[in-house]
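In what follows, a single structure is set out as structure tokens and then discussed.
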Amino acid sequence: MTNNNHAHIDRAIEEATRRRPQGHSTRAVHAGAQRHKAYSSLTTPIVQSATFTFQDTQDLCDFMDRKVWGDGLDREEYGRYGNPTMWAVEDRLAALDNAEDAVLYSSGMAAVTSLLLTVLKSGQHIVMTNDCYRRTRQFCLTFLGKFGIETSVVPAGDYDALEAAIIPGKTRFIISESPTNPYLRVVDLNRIVAIAKQYKCLTMIDATFATPVNLRPLEWGIDFVLHSATKYLSGHNDLLAGVITGSKDRIKPLKDARGVLGNLLDPHAAYLLERGIKTLGVRVAQQNQTALAVAQFLEAHPKIDRVYYPGLASHPDHEIAAKQMTGFGGVVSFEVRGDLKTTGDFIDACRIPFIAPSLGGVESLIEQPALVSFYELTTAERLKVGIKDNLVRFAVGIEDTNDIIADLDQALASIPEWELEVAWEERFRS
Ligand SMILES: *Cc1c(COP(=O)(O)O)cnc(C)c1O
């Protein structure tokens, strides 16, 4: 795809960009993209090819020389090792996270599992924070356990517990989300990095909820940043993807392993992801603003028990969030004053958000974690893992802020007063 006539222009632009880092919206539109693409196309072509041809044996040998002894490839040989559409998106994602490199996967979980499988070996140990994506915890506790890799889970925000869980010489990795799901805890990256340095551990932050617009953990010394690109990065609830960013040295083994594991992003999904990323800056700015307004509205509402949003002074991590983040994100969690049923009735009365898992797209989504992720548990069992029946996770979309608030207002107004009284009585009895 490189058009040699224009390579010098691309290099000059790259050089200029390096000298003067651009804002995230400019990078979301331009970074990594070659200025002059095949057929003078403005958009990145979808190179839908499973394999890539060589002109003659000399062409093949030149390629192998560069591959085996050279530094970096300028073309592909086979679709499992990569494709030009995916390359373009990786460059852009690296630029957004201020990273040297990025590696794309077919889903966020493909990114999580590939990272851990690549970096860890039998006999090693990881420490992870609780309140995290359920499948990540499941992978660590069950799959990695089968290969002799142990996992300790510590409360997010408890740095003494984190340090106490480290087994010197054995603990290789500290992993956390920030903000976490569903309580939106924001971990203090300075403290995590300091602990990791002391015990020579690697660090990974799943920053899916933050996006590179609100938080760039690599700038705080974190080794790997992971995003489920299914969420804000793609932004339209129409594809699955995952990405890890970091230094060239750290990403290289992941790219090599991906060629073996085979879970890369296909060219069509890569194109859709690139298209979504272009509007990341404006989407996230709007979602930050709406979520803060929603959180403030709910906090003042008599039918809401509690609101979890790092932008509120009442959130336990508000100070760290204000220091580390440039926006507080688009997810608000809250407890309706009522029980499982009252909460479901409230959700059913909402007209704008769809009832669905996931977050980060243009459509607002609402869910009751007790029913989506913890359906098979009883109320008591859910409480043990910290999930209350009346908890709601609201992921704001890009609809107008006033419409979203008016919708929540009418849905709360629809909860009959007697339901609230019953809920209160039950609470006093238990
Ligand atoms: C969704 C999500 C994942 C998993 O990503 P998929 O793209 O669904 O595989 C991992 N971490 C967080 C925080 C998520 O929200």
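Letters for chains follow the order of the structure tokens (A, B, ...), residue numbers begin at 1 for each chain, and ligand numbers begin at 1 in the order shown.
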Could you list, with a cut-off of 10 Å and counting only C-alpha atoms, the residues of range 177-238 of chain A near range 107-114 of chain A, each shown with its nearest atom pair and the distance in Å rounded to one decimal, rows sorted by chain and ascending number, as a tab-separated table?
```
residue	atom	partner	partner_atom	distance
A:Met204	CA	A:Val112	CA	9.7
A:Asp206	CA	A:Val112	CA	8.8
A:Thr208	CA	A:Gly108	CA	9.0
A:Leu226	CA	A:Ala111	CA	7.3
A:His227	CA	A:Gly108	CA	6.5
A:Ser228	CA	A:Gly108	CA	4.0
A:Ala229	CA	A:Gly108	CA	6.6
A:Thr230	CA	A:Ser107	CA	7.1
A:Lys231	CA	A:Gly108	CA	9.3
```
Tell me, which residues of range 370-402 of chain A carry DSSP strand (DSSP E), written as a ChimeraX atom specification?
/A:391-395
Selected residues written out with C-alpha atoms, as a short mmCIF file (atom, residue, chain, number, x, y, z; two decimals), in the first residue's frame:
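out_6.cif, freshly written:
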```cif
data_model
loop_
_atom_site.label_atom_id
_atom_site.label_comp_id
_atom_site.auth_asym_id
_atom_site.auth_seq_id
_atom_site.Cartn_x
_atom_site.Cartn_y
_atom_site.Cartn_z
CA LEU A 391 -27.75 -1.70 41.47
CA VAL A 392 -28.12 -0.22 37.99
CA ARG A 393 -25.35 0.39 35.48
CA PHE A 394 -26.19 3.15 33.06
CA ALA A 395 -23.84 3.67 30.11
#
```
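Checking A:Gln198, A:Ser333, A:Thr85, A:Ser25 one by one against Ile366 in chain A, counting only C-alpha atoms, you find the shortest gap at A:Ser333.
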Please return, as JSON, numbers by chain, all residues of range 131-238 of chain A that DSSP assigns to helix (DSSP H, G or I) on the basis of the backbone.
{"A": [134, 135, 136, 137, 138, 139, 140, 141, 142, 143, 144, 145, 146, 159, 160, 161, 162, 163, 164, 165, 189, 190, 191, 192, 193, 194, 195, 196, 197, 198, 211, 212, 213, 214, 217, 218, 219, 220]}
What does the file look like for those residues with C-alpha atoms, as an mmCIF file, in the first residue's frame?
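The resulting file, again-v8.cif, is reproduced below:
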```
data_model
loop_
_atom_site.group_PDB
_atom_site.id
_atom_site.type_symbol
_atom_site.label_atom_id
_atom_site.label_comp_id
_atom_site.auth_asym_id
_atom_site.auth_seq_id
_atom_site.Cartn_x
_atom_site.Cartn_y
_atom_site.Cartn_z
ATOM 1 C CA ARG A 134 -16.005 -11.137 35.237
ATOM 2 C CA ARG A 135 -14.441 -13.091 32.381
ATOM 3 C CA THR A 136 -10.967 -11.714 33.131
ATOM 4 C CA ARG A 137 -11.239 -12.975 36.677
ATOM 5 C CA GLN A 138 -12.604 -16.307 35.428
ATOM 6 C CA PHE A 139 -9.691 -16.714 33.017
ATOM 7 C CA CYS A 140 -7.125 -16.001 35.727
ATOM 8 C CA LEU A 141 -8.693 -18.195 38.391
ATOM 9 C CA THR A 142 -9.628 -21.199 36.252
ATOM 10 C CA PHE A 143 -7.663 -21.342 32.987
ATOM 11 C CA LEU A 144 -4.357 -20.012 34.283
ATOM 12 C CA GLY A 145 -4.727 -22.200 37.358
ATOM 13 C CA LYS A 146 -4.661 -25.245 35.090
ATOM 14 C CA TYR A 159 -2.696 -0.828 48.337
ATOM 15 C CA ASP A 160 -1.596 -2.512 51.562
ATOM 16 C CA ALA A 161 -3.554 -5.625 50.569
ATOM 17 C CA LEU A 162 -2.027 -5.408 47.106
ATOM 18 C CA GLU A 163 1.494 -5.283 48.479
ATOM 19 C CA ALA A 164 0.762 -8.013 51.035
ATOM 20 C CA ALA A 165 -0.476 -10.310 48.258
ATOM 21 C CA LEU A 189 -1.356 4.478 39.179
ATOM 22 C CA ASN A 190 1.587 6.080 41.006
ATOM 23 C CA ARG A 191 1.153 3.657 43.884
ATOM 24 C CA ILE A 192 0.698 0.605 41.663
ATOM 25 C CA VAL A 193 3.795 1.469 39.647
ATOM 26 C CA ALA A 194 5.837 2.047 42.827
ATOM 27 C CA ILE A 195 4.830 -1.358 44.237
ATOM 28 C CA ALA A 196 5.499 -3.062 40.902
ATOM 29 C CA LYS A 197 8.982 -1.497 40.675
ATOM 30 C CA GLN A 198 9.851 -2.581 44.177
ATOM 31 C CA THR A 211 -10.587 5.492 26.851
ATOM 32 C CA PRO A 212 -7.329 7.191 25.821
ATOM 33 C CA VAL A 213 -9.233 10.493 25.879
ATOM 34 C CA ASN A 214 -9.682 10.390 29.672
ATOM 35 C CA PRO A 217 -1.782 4.888 31.931
ATOM 36 C CA LEU A 218 1.477 4.469 29.963
ATOM 37 C CA GLU A 219 2.280 8.090 30.844
ATOM 38 C CA TRP A 220 2.190 7.038 34.516
#
```
Across A:Leu60, A:Leu116, A:Ala349, A:Ala406, the smallest distance to Phe297 in chain A, with only C-alpha atoms counted, is shown by A:Ala406
Minimum-distance residue to Thr245 in chain A, chosen among A:Ser122, A:Leu104, A:His24, A:Arg66 (using only C-alpha atoms)
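Of the candidates, the smallest distance to Thr245 in chain A is held by A:Leu104.
The residue that comes closest to ligand 1, out of A:His318, A:Arg283, A:Arg185, A:His268 and on the basis of only C-alpha atoms and all ligand atoms, is A:Arg185.
Nearest to ligand 1 of all the residues A:Gln296, A:Ser358, A:Thr279, A:Thr151 is A:Ser358, based on only C-alpha atoms and all ligand atoms.
Of the listed residues A:Glu100, A:Asp65, A:Asp238, A:Asp56, the one whose atoms come nearest to ligand 1 is A:Asp238, with distances taken using only C-alpha atoms and all ligand atoms.
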